[in-house]
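Below is one structure, written out as structure tokens; the observations come after it.
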Amino acid sequence: QALTYSTSSSSQLWLQQPQQLVHLLLLLAQLSWGAPDELLLPDTTAKTADEPAGSGSESDSDSDNVYSDANSVATQACTSGWAMVGFRSQGVTTNVGIGSTTLQETAARVWQPELVAAAMSNLPAPQITQLLHLLQQLFVSGIQTAAITASQQPSAQLAAAMQAGLQWGNRAAQVLAGLSAKQQLQQQLINKLLTALPDWLCWSDSSSSSGTNTGPCDMLGHSMLIMVTSVLVLRLGCSVMLPWQSSGTDKAAAAVFDADRQWLLLELLCSSAYFAQEEEQQQQLLHSGGERNTQLQHCVSAAAAAAQKHLCSIACSDDSSTTAAAGDVLSSMFSMLLYAAQSAEPSSVQVWSAALSSLLQHASISVAAHSDSKERLLPILQQFCSNTVAAAVAQQDTPHAGSLLSVLEVLASMFRFRSEADVTAARLDNLSLDVIARARQLQSLEASSTAADSSDSAREQALLLQLLQLCGACFPVQFSHRQHQQQQAGHAANRLHAGSSTSAERQALMQLLQQVCSSSSSSNSSMPKVLCQLQLCCVGYCWSEMSAPDWHVVLHDLQQQLSSARRDTDRTASGLAGAACTAAQQFLAAMASRWPDTMTPVLAIQLLSRLADKSLLQGQAAIVDMLTGLVQQAVQGLPSPTLRLSLQLLSAVIQLQQQVQEAGRAPQLGLALSAAWRELLALCLSLGAAVAVAAGCGEGPLGVVISCLSTEGATWQLLADCLDNLSELNLLDKAVTAANDRLEMLGVDSVSSCLALLQAPTTSMQQQQPTVQRESFGPLQQLAWRLLLRPNSLAHITHAASTAAKGDGAAEMPEFGVNGDAATYLVHVGLRPELAAAVTTPDTWETFLLHWALLLAHLAKLRVYSPQAQRVLTLALRDVPELVPQLLELVVGLMGLRGSSKGSNAAMAFGASDSSGDTGAAGSWGTGSSAAAVGLGKASTLAGLAQLSGKLQAMGSSSNSAATIAATATDSWDLTTALANIGLPTAAPKWQLLAAAVYRAVLHLLPASARLWFSDLRDRSLTSAVEVYTTKYESPALLAAEFAVIKRDSAGSSGEVGANYNFKVKASQAAREVTAVLEIEDGATLVLQVKLPAAAPLKAAEVECKNKVGIRDARLRKWLLSIAVFLRNQNQGVLDAISMWKANLEQEFAGVQPCLICYSVISAANGQLPRLVCNQCSVTFHPACLYKWFRSSGKSTCPHCQAPW
């Protein structure tokens, strides 16, 4: 610390013992090697041009810095590099090891850029020269040794090289930061670092006239030094690594770009493009440190982006001298990269073109961001387009014309989405007209060619295909994402945007489309995709010039492309089913078991699923490998190559539908769109069927299918957007029926397909593919959610209705044993196997909650059209212990009712409950994502709960009027409507709304289960919070519904009991009381009173009998007890309990006649019924009346027949 002070005493300290301090600095550098800071990745967030990145991302966790195998190799390699320096500090280096953590941390704290800066400022010149020489030798020798050591590790070469580059880059950044005041010395050290390894340049060559490298390349050396360079760019800033100012004071020299570093910018650009292109293959190549290596590659990309931003910002600056120099560099880089892309080997063409496209995109962003850069940077881009690109396009036979596509797309997007004047200034209109003219000429030649010209025809077809692709690049269309105003689910809708064009271009483009469509179809498999792209350009730019025949051709081709994509998906699903049958037969053959004569996909999937559940399939490695290989073959080409373009074209047509129909240009547009929507629905269900079949085959096949589909997130977003406004139930039903007919042979239906799409990404992430991005499946899941909420789909979520229709469900209902399997039991009562597994043993809490929501919506529908099936399911769900309690524990946690101390994690809500003292099955669900990850589980305030209840009421109400919603509190709320309006949740507020909707549905549909859960709660704060919320926001609606049913049906419940006894039911909603009155005679009544609690249905109703006449006390107590148990343990309402009470009364009073002595039914003496019967005439008498008759008459004969008693 004293050495770093800027005081006279510290300067004296440096001058007193300079040689010893040089040794001390090198010793500190050695002892601090391997400190944690050297393993931190630089911050890759966006920075200003000259602003260096931070010392490390704060988000880096300790787990990110743990040494993997590759990290250990790199550490060993870099450590051995110190021995090459030959430095010994008086015998202490061998005695003090790196393993001493305290010494290492202390040395790392002292070894800082400030110490190096103080040394450069205070040491004498000879010692400065000595120190820099030793540091240069240290870095160069260490990097060379690390490269040699990494090459000796065949399992982790590239990973070790890049990890070593990260460490050496961080160490060099510390020293270079200390040399900031000595720019000349700083640049000398940078030059030494960049030349530490020979032949490490892969893409650039400063000694070549073209600036590009054509010689051999050391990939390990390239990986290490490109990592060193990237770290230095991000740590020190581009102004240090790509200097624009010389160390002198000459202003003319200050405007000159360092020619020795132009190659570095080229190397960064191409390396970033290479890593982006080969990232997946690199991860497969590196067997260790794959995730860490991807982060290192992203570091290179961030450095390349910073360098491009730096150069483009200087080209837009106000300094005319630096702006001109930067403009010259940009122009040179553009030409150099385009030349390399045109002349490179086919394997590297995409790298050069991607690098050029990236640089052009950054230049375009700079033009848009700097309004005053129009006169500086924009002319450079216009000149590049009008001269260099136009000359490359004009070549008759371009060997790598594909390299021009991305470049031309960037330039065309830049100019066309600015103004027509910019299009003309860049001569983009002349370029596009030239390409169209050449394409039309070749099209005419191809149409007139004969079979004898087959070789020339093939060459002309290939050239025509290239020209048509260039034509599509000249007319780019963009699909921007905007929030759909009417979409409650929250996903973004794609909107078509076309740029500016001249009238001549539009006319020529239409003529080309007509000529291509009228000619015979080409045998080239890429022609349909190119034709679809051309049709998309015409619809985007010149739809108003298209006639009815033109629209007919476009819509017909679009229908064909969508049908082809759907058929390809059907074949994929069939191929997966065939793979399952083959694997099942192979397994049975290996087990020496007989298989059926015909192995159907249904039997095969059932067999493989059961084998996977019992871990028997994993023992057959050969069969598993064969099955995985067959699955990989089946999913090749999925989705169709033309699907995304077809969906873009359909999205454009849907957007222009109203305008086109008003203009009368496409009379059959409505029918064409209906046919397209049917194909898209069938395609979506076929995708779900493929996932369902793969899920039945095991984790490996499912992972293959999910990996294939997860790369097409943009395609699935387009698919969902095209079906966004589809609300015709008739069209939906027809499409689903047709899809069910096609999928029947696979053993799945539309509901199974949608359920598979809904849960497949989560299952894959948990079991097989941890790197799968669930966001890619978001659009498909949203679509599956919408389809499952259709009335017909909800009716078939379970098979309970069909099971109940076959017989008495209650009589045939199986019993759930103490040690029984919950999923198997629920399957027996009618649940689908995938649904039963999701609500009993799910992978994540999201899957659990979503499937429960669907099941509850299904129960609500069953209450209307199949009450018997609904009763069977509710009884089954009640009988499985901890099933509904797990759900309620989850939803109250997500709603924020558990409190801040116990509700921060959804896993705690259903896995570590302290309310019942028993950990449920959900506690072993694994490491599913927690509610804290989406911002849930925090304690909600009363205002927040009130707002939540209001939003929930609005979501489930069919009317949008607030007054109507308030007036019809419960009748207007529907669970299915609420789920449809909430959509598939993707953010915390929607998950909270879904949890509140599920909680309300449980109270409505499963009140007995809710009561049992509430009565078992032991957490007083949770009990109080749940009771307060329910009493205030849920119970009033439930009580209103209960009393509405009672008032509506009381007339049916009232009537006569026995011969002449009147039975009435009365209800008082204000007092929460229901009274059943049996009026036997004047003044003789039997009254049953049911008192409902304010927190219904969490607490049981109170039952009391008043005016106990005509019934024995013992029997009356049994009746009251049975009614109380019924109301507590059954899901029926108060009216059902009163009906049971009435049935008991009817049985009790059946055939009762008045006593012939007192002519009353109820005895005035003790309130009993006539129960003493004469054996002769069978007339009944009150015991008190008969005994009184005996005493007063003096004889013991029957008062009616006078027979002896």
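Simple scheme: letters A, B, ... for chains in structure tokens order, numbers from 1 for residues in each chain, numbers from 1 for ligands in the order shown.
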- [ ] Fewer than 4 positions away in the same chain doesn't count, so skip those; otherwise give me all residues within 9 Å of Gln633 (chain A), counting only C-alpha atoms, as JSON, numbers by chain.
- [x] {"A": [575, 628, 629]}
Save out the residues we just selected, N, CA and C atoms, as a tab-separated table (two decimals), in the first residue's frame.
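Generated output (part00.tsv):
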```
chain	number	residue	atom	x	y	z
A	575	GLY	N	-43.35	-42.71	-38.62
A	575	GLY	CA	-42.01	-43.29	-38.50
A	575	GLY	C	-41.63	-43.55	-37.06
A	628	THR	N	-33.05	-45.19	-30.67
A	628	THR	CA	-32.63	-43.79	-30.83
A	628	THR	C	-32.24	-43.49	-32.26
A	629	GLY	N	-31.53	-44.43	-32.89
A	629	GLY	CA	-31.15	-44.23	-34.29
A	629	GLY	C	-32.36	-44.15	-35.21
```
Task: Spatial neighbours of Thr840 (chain A), 10 Å, only C-alpha atoms, chain gap at least 6 places, as a VMD selection string - done: chain A and resid 821 to 824 826 848 852 880 882 to 884 886 to 887 921 to 922 925
Store the residues picked out above in a file with all heavy atoms, as a short mmCIF file (atom, residue, chain, number, x, y, z; two decimals), in the first residue's frame.
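Below is the file part-v8.cif, written as the result:
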```cif
data_model
loop_
_atom_site.label_atom_id
_atom_site.label_comp_id
_atom_site.auth_asym_id
_atom_site.auth_seq_id
_atom_site.Cartn_x
_atom_site.Cartn_y
_atom_site.Cartn_z
N ASP A 821 -51.08 -47.30 -5.76
CA ASP A 821 -50.48 -46.31 -6.64
C ASP A 821 -51.55 -45.32 -7.07
O ASP A 821 -52.57 -45.71 -7.65
CB ASP A 821 -49.84 -46.98 -7.85
CG ASP A 821 -49.18 -45.98 -8.77
OD1 ASP A 821 -48.16 -45.40 -8.39
OD2 ASP A 821 -49.70 -45.77 -9.89
N ALA A 822 -51.31 -44.04 -6.79
CA ALA A 822 -52.34 -43.02 -7.05
C ALA A 822 -52.61 -42.89 -8.53
O ALA A 822 -53.77 -42.78 -8.95
CB ALA A 822 -51.90 -41.68 -6.46
N ALA A 823 -51.57 -42.89 -9.37
CA ALA A 823 -51.77 -42.72 -10.81
C ALA A 823 -52.57 -43.88 -11.39
O ALA A 823 -53.49 -43.68 -12.19
CB ALA A 823 -50.42 -42.58 -11.52
N THR A 824 -52.23 -45.09 -10.99
CA THR A 824 -52.96 -46.26 -11.49
C THR A 824 -54.42 -46.22 -11.05
O THR A 824 -55.33 -46.54 -11.83
CB THR A 824 -52.30 -47.55 -10.98
OG1 THR A 824 -50.91 -47.55 -11.36
CG2 THR A 824 -52.98 -48.77 -11.54
N LEU A 826 -56.24 -43.55 -10.41
CA LEU A 826 -56.96 -42.53 -11.17
C LEU A 826 -57.20 -42.96 -12.61
O LEU A 826 -58.21 -42.60 -13.22
CB LEU A 826 -56.17 -41.22 -11.13
CG LEU A 826 -56.07 -40.54 -9.76
CD1 LEU A 826 -55.23 -39.28 -9.85
CD2 LEU A 826 -57.45 -40.22 -9.20
N PHE A 848 -47.81 -29.48 -12.75
CA PHE A 848 -48.82 -29.87 -11.77
C PHE A 848 -50.00 -28.91 -11.79
O PHE A 848 -51.17 -29.33 -11.86
CB PHE A 848 -48.14 -29.88 -10.39
CG PHE A 848 -49.03 -30.30 -9.25
CD1 PHE A 848 -49.48 -31.60 -9.14
CD2 PHE A 848 -49.38 -29.40 -8.26
CE1 PHE A 848 -50.27 -31.99 -8.08
CE2 PHE A 848 -50.17 -29.77 -7.19
CZ PHE A 848 -50.62 -31.07 -7.10
N TRP A 852 -53.87 -29.65 -13.30
CA TRP A 852 -54.97 -29.57 -12.34
C TRP A 852 -56.03 -28.58 -12.82
O TRP A 852 -57.23 -28.79 -12.63
CB TRP A 852 -54.45 -29.16 -10.97
CG TRP A 852 -54.33 -30.29 -10.00
CD1 TRP A 852 -53.20 -30.87 -9.52
CD2 TRP A 852 -55.42 -31.00 -9.38
NE1 TRP A 852 -53.50 -31.89 -8.65
CE2 TRP A 852 -54.86 -31.99 -8.54
CE3 TRP A 852 -56.80 -30.90 -9.46
CZ2 TRP A 852 -55.64 -32.86 -7.79
CZ3 TRP A 852 -57.57 -31.77 -8.71
CH2 TRP A 852 -56.99 -32.74 -7.88
N VAL A 880 -57.78 -40.17 -2.59
CA VAL A 880 -56.31 -40.26 -2.68
C VAL A 880 -55.71 -39.28 -1.67
O VAL A 880 -55.88 -38.07 -1.81
CB VAL A 880 -55.81 -39.94 -4.10
CG1 VAL A 880 -54.29 -40.00 -4.16
CG2 VAL A 880 -56.41 -40.91 -5.11
N GLU A 882 -53.47 -36.68 0.31
CA GLU A 882 -52.48 -35.65 -0.01
C GLU A 882 -52.55 -35.14 -1.45
O GLU A 882 -51.73 -34.33 -1.84
CB GLU A 882 -51.05 -36.15 0.26
CG GLU A 882 -50.77 -36.51 1.70
CD GLU A 882 -50.94 -35.33 2.64
OE1 GLU A 882 -50.65 -34.20 2.21
OE2 GLU A 882 -51.39 -35.55 3.76
N LEU A 883 -53.52 -35.59 -2.24
CA LEU A 883 -53.57 -35.14 -3.64
C LEU A 883 -54.08 -33.70 -3.73
O LEU A 883 -53.38 -32.80 -4.20
CB LEU A 883 -54.46 -36.08 -4.45
CG LEU A 883 -54.42 -35.90 -5.97
CD1 LEU A 883 -53.01 -36.09 -6.48
CD2 LEU A 883 -55.35 -36.89 -6.65
N VAL A 884 -55.29 -33.47 -3.24
CA VAL A 884 -55.82 -32.11 -3.22
C VAL A 884 -55.07 -31.23 -2.22
O VAL A 884 -54.82 -30.05 -2.52
CB VAL A 884 -57.33 -32.13 -2.93
CG1 VAL A 884 -57.89 -30.73 -2.83
CG2 VAL A 884 -58.07 -32.92 -4.01
N GLN A 886 -51.89 -31.20 -1.62
CA GLN A 886 -50.70 -30.72 -2.31
C GLN A 886 -51.04 -29.56 -3.23
O GLN A 886 -50.29 -28.57 -3.32
CB GLN A 886 -50.07 -31.86 -3.11
CG GLN A 886 -49.35 -32.90 -2.27
CD GLN A 886 -48.90 -34.09 -3.10
OE1 GLN A 886 -48.98 -34.06 -4.32
NE2 GLN A 886 -48.45 -35.13 -2.43
N LEU A 887 -52.15 -29.68 -3.92
CA LEU A 887 -52.57 -28.61 -4.81
C LEU A 887 -52.85 -27.33 -4.03
O LEU A 887 -52.42 -26.23 -4.42
CB LEU A 887 -53.80 -29.05 -5.60
CG LEU A 887 -54.45 -27.98 -6.48
CD1 LEU A 887 -53.51 -27.55 -7.59
CD2 LEU A 887 -55.76 -28.49 -7.07
N ALA A 921 -45.96 -36.53 -1.40
CA ALA A 921 -45.20 -37.10 -2.50
C ALA A 921 -44.50 -36.05 -3.32
O ALA A 921 -43.52 -36.31 -3.97
CB ALA A 921 -46.12 -37.94 -3.39
N ALA A 922 -45.03 -34.85 -3.29
CA ALA A 922 -44.42 -33.78 -4.08
C ALA A 922 -43.05 -33.42 -3.58
O ALA A 922 -42.27 -32.82 -4.29
CB ALA A 922 -45.32 -32.55 -4.08
N TRP A 925 -40.22 -34.64 -5.94
CA TRP A 925 -40.39 -34.37 -7.36
C TRP A 925 -39.09 -34.00 -8.04
O TRP A 925 -39.01 -33.87 -9.23
CB TRP A 925 -41.41 -33.25 -7.57
CG TRP A 925 -42.79 -33.69 -7.27
CD1 TRP A 925 -43.19 -34.95 -6.96
CD2 TRP A 925 -43.96 -32.88 -7.22
NE1 TRP A 925 -44.53 -34.98 -6.72
CE2 TRP A 925 -45.03 -33.71 -6.87
CE3 TRP A 925 -44.20 -31.53 -7.42
CZ2 TRP A 925 -46.32 -33.26 -6.73
CZ3 TRP A 925 -45.49 -31.07 -7.28
CH2 TRP A 925 -46.54 -31.92 -6.94
#
```
- [ ] Find the residues near Leu338 (chain A): any atom within 9 Å, counting only C-alpha atoms, skip ones fewer than 6 places away on the same chain, and give them as a ChimeraX atom specification.
- [x] /A:352-353,356,388-389,392,403-404,407
Just N, CA, C and O atoms for this one: save the residues we selected as a CSV table (one decimal), in the first residue's frame.
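Okay, this is what ended up in out-v7.csv:
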```
chain,number,residue,atom,x,y,z
A,352,TRP,N,-17.1,-16.0,-43.9
A,352,TRP,CA,-16.8,-14.7,-44.4
A,352,TRP,C,-18.1,-13.8,-44.6
A,352,TRP,O,-18.1,-12.6,-44.3
A,353,SER,N,-19.1,-14.4,-45.2
A,353,SER,CA,-20.3,-13.7,-45.5
A,353,SER,C,-21.0,-13.3,-44.2
A,353,SER,O,-21.6,-12.2,-44.0
A,356,LEU,N,-19.1,-10.3,-42.8
A,356,LEU,CA,-19.5,-9.1,-43.5
A,356,LEU,C,-20.9,-8.6,-43.1
A,356,LEU,O,-21.1,-7.4,-43.0
A,388,THR,N,-19.3,-2.2,-55.5
A,388,THR,CA,-18.7,-3.6,-55.2
A,388,THR,C,-19.7,-4.7,-55.2
A,388,THR,O,-19.5,-5.7,-55.9
A,389,VAL,N,-20.9,-4.5,-54.5
A,389,VAL,CA,-21.9,-5.6,-54.5
A,389,VAL,C,-22.5,-5.7,-55.9
A,389,VAL,O,-22.8,-6.9,-56.3
A,392,ALA,N,-20.3,-7.7,-58.1
A,392,ALA,CA,-20.3,-9.1,-57.7
A,392,ALA,C,-21.6,-9.8,-58.2
A,392,ALA,O,-21.5,-11.0,-58.7
A,403,SER,N,-23.1,-16.6,-50.8
A,403,SER,CA,-22.5,-15.6,-49.9
A,403,SER,C,-23.1,-14.2,-50.0
A,403,SER,O,-22.9,-13.4,-49.1
A,404,LEU,N,-23.7,-13.9,-51.2
A,404,LEU,CA,-24.2,-12.6,-51.4
A,404,LEU,C,-25.6,-12.4,-50.8
A,404,LEU,O,-26.0,-11.3,-50.6
A,407,VAL,N,-25.5,-10.7,-47.3
A,407,VAL,CA,-25.0,-9.3,-47.5
A,407,VAL,C,-26.1,-8.4,-48.2
A,407,VAL,O,-26.4,-7.3,-47.8
```
- [ ] Select, from A:Ala305, A:Leu859, A:Leu40, A:Val1028, the residue with the minimum atom-to-atom distance to Leu942 (chain A), counting only C-alpha atoms.
- [x] A:Val1028
Open item on the list: Using only C-alpha atoms, which protein or nucleic acid residues come within 10 Å of Glu712 (chain A)? Drop anything in the same chain fewer than 4 positions from it, and give the result as a ChimeraX atom specification.
Closed with: /A:638-639,644,707-708,716-717,776-777
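Of all the residues in region 489-712 of chain A, the ones DSSP labels as strand (DSSP E or B) from the backbone are Ala492, Ala493, Asn494, Arg495, Leu496, His497 and Ala498 of chain A.
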Writing out the chosen residues with all heavy atoms as a PDB file, in the first residue's frame:
```
ATOM      1  N   ALA A 492     -46.596 -12.305 -28.539  1.00  0.00           N
ATOM      2  CA  ALA A 492     -46.525 -11.239 -29.522  1.00  0.00           C
ATOM      3  C   ALA A 492     -46.988 -11.733 -30.876  1.00  0.00           C
ATOM      4  O   ALA A 492     -46.833 -12.885 -31.237  1.00  0.00           O
ATOM      5  CB  ALA A 492     -45.096 -10.716 -29.626  1.00  0.00           C
ATOM      6  N   ALA A 493     -47.594 -10.866 -31.639  1.00  0.00           N
ATOM      7  CA  ALA A 493     -48.086 -11.201 -32.967  1.00  0.00           C
ATOM      8  C   ALA A 493     -47.120 -10.665 -34.011  1.00  0.00           C
ATOM      9  O   ALA A 493     -46.557  -9.588 -33.871  1.00  0.00           O
ATOM     10  CB  ALA A 493     -49.473 -10.610 -33.175  1.00  0.00           C
ATOM     11  N   ASN A 494     -46.878 -11.446 -35.076  1.00  0.00           N
ATOM     12  CA  ASN A 494     -46.000 -11.038 -36.152  1.00  0.00           C
ATOM     13  C   ASN A 494     -46.758 -10.124 -37.105  1.00  0.00           C
ATOM     14  O   ASN A 494     -47.855 -10.448 -37.551  1.00  0.00           O
ATOM     15  CB  ASN A 494     -45.470 -12.267 -36.913  1.00  0.00           C
ATOM     16  CG  ASN A 494     -44.431 -13.021 -36.120  1.00  0.00           C
ATOM     17  OD1 ASN A 494     -43.292 -12.596 -36.037  1.00  0.00           O
ATOM     18  ND2 ASN A 494     -44.823 -14.133 -35.515  1.00  0.00           N
ATOM     19  N   ARG A 495     -46.136  -8.993 -37.432  1.00  0.00           N
ATOM     20  CA  ARG A 495     -46.729  -8.039 -38.346  1.00  0.00           C
ATOM     21  C   ARG A 495     -45.786  -7.850 -39.521  1.00  0.00           C
ATOM     22  O   ARG A 495     -44.592  -7.646 -39.377  1.00  0.00           O
ATOM     23  CB  ARG A 495     -46.966  -6.697 -37.652  1.00  0.00           C
ATOM     24  CG  ARG A 495     -47.891  -6.779 -36.448  1.00  0.00           C
ATOM     25  CD  ARG A 495     -49.303  -7.119 -36.830  1.00  0.00           C
ATOM     26  NE  ARG A 495     -49.902  -6.073 -37.657  1.00  0.00           N
ATOM     27  CZ  ARG A 495     -51.112  -6.158 -38.183  1.00  0.00           C
ATOM     28  NH1 ARG A 495     -51.842  -7.243 -38.000  1.00  0.00           N
ATOM     29  NH2 ARG A 495     -51.578  -5.176 -38.909  1.00  0.00           N
ATOM     30  N   LEU A 496     -46.362  -7.887 -40.738  1.00  0.00           N
ATOM     31  CA  LEU A 496     -45.578  -7.760 -41.967  1.00  0.00           C
ATOM     32  C   LEU A 496     -45.238  -6.300 -42.219  1.00  0.00           C
ATOM     33  O   LEU A 496     -46.080  -5.412 -42.091  1.00  0.00           O
ATOM     34  CB  LEU A 496     -46.375  -8.331 -43.146  1.00  0.00           C
ATOM     35  CG  LEU A 496     -45.775  -8.084 -44.538  1.00  0.00           C
ATOM     36  CD1 LEU A 496     -44.503  -8.900 -44.711  1.00  0.00           C
ATOM     37  CD2 LEU A 496     -46.789  -8.441 -45.621  1.00  0.00           C
ATOM     38  N   HIS A 497     -43.972  -6.071 -42.613  1.00  0.00           N
ATOM     39  CA  HIS A 497     -43.526  -4.743 -43.004  1.00  0.00           C
ATOM     40  C   HIS A 497     -42.716  -4.883 -44.292  1.00  0.00           C
ATOM     41  O   HIS A 497     -41.760  -5.657 -44.345  1.00  0.00           O
ATOM     42  CB  HIS A 497     -42.665  -4.089 -41.914  1.00  0.00           C
ATOM     43  CG  HIS A 497     -43.385  -3.876 -40.633  1.00  0.00           C
ATOM     44  ND1 HIS A 497     -44.238  -2.815 -40.417  1.00  0.00           N
ATOM     45  CD2 HIS A 497     -43.394  -4.601 -39.483  1.00  0.00           C
ATOM     46  CE1 HIS A 497     -44.735  -2.890 -39.198  1.00  0.00           C
ATOM     47  NE2 HIS A 497     -44.237  -3.972 -38.610  1.00  0.00           N
ATOM     48  N   ALA A 498     -43.102  -4.139 -45.326  1.00  0.00           N
ATOM     49  CA  ALA A 498     -42.382  -4.107 -46.593  1.00  0.00           C
ATOM     50  C   ALA A 498     -41.784  -2.722 -46.767  1.00  0.00           C
ATOM     51  O   ALA A 498     -42.336  -1.720 -46.300  1.00  0.00           O
ATOM     52  CB  ALA A 498     -43.307  -4.444 -47.760  1.00  0.00           C
TER      53      ALA A 498
END
```
Open item on the list: Just to confirm, what's the straight-line distance from CA of Cys471 (chain A) to CA of Gln361 (chain A) in Å (one decimal)?
Closed with: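 Distance reported for this atom pair: 20.0 Å.
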Open item on the list: Taking 5 positions as the minimum chain separation for residues in the same chain, which residues sit within 12 Å of Leu381 (chain A) when counting only C-alpha atoms? Answer as an NGL selection string.
Closed with: :A and (312 or 315 or 327-328 or 330-335 or 359-364 or 366-367 or 373-376 or 386-389 or 407-408 or 410-412 or 414-415 or 422-423 or 425-428)
Task: Pick from A:Val653, A:Val1152, A:Leu513, A:Ala306 nearest to Phe1181 (chain A), counting only C-alpha atoms - done: A:Val1152
TODO: DSSP on the backbone, then: every residue of region 677-874 of chain A marked alpha helix (DSSP H), written as an MDAnalysis selection string.
DONE: chainID A and resid 677:697 699:709 713:722 729:743 750:767 778:788 791:795 800:806 809:812 822:828 833:840 845:865 867:874
- [ ] Provide the CA of Ala612 (chain A) to CA of Ala580 (chain A) distance in Å, to one decimal place.
- [x]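 Those two atoms sit 12.6 Å apart.
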- [ ] Work out how far CA of Ala573 (chain A) is from CA of Gln620 (chain A), in Å to one decimal.
- [x]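 These two atoms are separated by 23.9 Å.
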TODO: Point out the residue among A:Leu220, A:Leu296, A:Leu176, A:Ala368 with the least atom-to-atom distance to Leu197 (chain A), counting only C-alpha atoms.
DONE: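 Of A:Leu220, A:Leu296, A:Leu176, A:Ala368, the one nearest Leu197 (chain A) is A:Leu220, counting only C-alpha atoms.
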- [ ] Just the residues within 9 Å of Pro779 (chain A), please, counting only C-alpha atoms, with nothing from its chain fewer than 2 positions along; format it as a ChimeraX atom specification.
- [x] /A:491,713-714,716-721,775-777,781-784
Written file, previous selection with N, CA, C and O atoms, as a short mmCIF file (atom, residue, chain, number, x, y, z; two decimals), in the first residue's frame:
```
data_model
loop_
_atom_site.label_atom_id
_atom_site.label_comp_id
_atom_site.auth_asym_id
_atom_site.auth_seq_id
_atom_site.Cartn_x
_atom_site.Cartn_y
_atom_site.Cartn_z
N HIS A 491 -48.67 -13.45 -25.81
CA HIS A 491 -47.59 -13.60 -26.77
C HIS A 491 -47.69 -12.54 -27.86
O HIS A 491 -48.72 -11.95 -28.08
N GLY A 713 -38.19 -22.07 -32.90
CA GLY A 713 -39.08 -21.24 -32.11
C GLY A 713 -39.80 -20.18 -32.92
O GLY A 713 -40.99 -19.91 -32.72
N ALA A 714 -39.09 -19.55 -33.88
CA ALA A 714 -39.72 -18.52 -34.71
C ALA A 714 -40.82 -19.12 -35.59
O ALA A 714 -41.85 -18.49 -35.83
N TRP A 716 -42.71 -21.75 -34.87
CA TRP A 716 -43.90 -22.05 -34.04
C TRP A 716 -44.61 -20.77 -33.63
O TRP A 716 -45.83 -20.77 -33.46
N GLN A 717 -43.87 -19.67 -33.48
CA GLN A 717 -44.51 -18.40 -33.18
C GLN A 717 -45.39 -17.96 -34.35
O GLN A 717 -46.51 -17.48 -34.17
N LEU A 718 -44.89 -18.13 -35.57
CA LEU A 718 -45.69 -17.81 -36.75
C LEU A 718 -46.93 -18.70 -36.83
O LEU A 718 -48.02 -18.24 -37.18
N LEU A 719 -46.75 -19.98 -36.53
CA LEU A 719 -47.88 -20.91 -36.55
C LEU A 719 -48.96 -20.48 -35.57
O LEU A 719 -50.16 -20.46 -35.90
N ALA A 720 -48.57 -20.12 -34.35
CA ALA A 720 -49.55 -19.68 -33.36
C ALA A 720 -50.20 -18.37 -33.76
O ALA A 720 -51.40 -18.18 -33.56
N ASP A 721 -49.42 -17.46 -34.35
CA ASP A 721 -49.99 -16.18 -34.76
C ASP A 721 -51.01 -16.35 -35.88
O ASP A 721 -52.01 -15.63 -35.92
N GLU A 775 -38.69 -21.49 -24.06
CA GLU A 775 -39.33 -20.42 -24.81
C GLU A 775 -39.61 -20.84 -26.25
O GLU A 775 -40.55 -20.33 -26.86
N SER A 776 -38.81 -21.74 -26.80
CA SER A 776 -39.04 -22.19 -28.17
C SER A 776 -40.38 -22.90 -28.30
O SER A 776 -41.00 -22.87 -29.36
N PHE A 777 -40.81 -23.56 -27.23
CA PHE A 777 -42.07 -24.28 -27.26
C PHE A 777 -43.25 -23.44 -26.79
O PHE A 777 -44.38 -23.91 -26.80
N GLN A 781 -47.18 -24.43 -27.00
CA GLN A 781 -47.89 -24.67 -25.75
C GLN A 781 -49.11 -23.76 -25.62
O GLN A 781 -50.16 -24.20 -25.15
N GLN A 782 -48.96 -22.51 -26.03
CA GLN A 782 -50.10 -21.61 -26.00
C GLN A 782 -51.23 -22.14 -26.88
O GLN A 782 -52.41 -22.11 -26.51
N LEU A 783 -50.87 -22.62 -28.06
CA LEU A 783 -51.87 -23.16 -28.99
C LEU A 783 -52.51 -24.42 -28.42
O LEU A 783 -53.73 -24.61 -28.51
N ALA A 784 -51.70 -25.30 -27.84
CA ALA A 784 -52.24 -26.52 -27.23
C ALA A 784 -53.18 -26.18 -26.07
O ALA A 784 -54.23 -26.81 -25.89
#
```
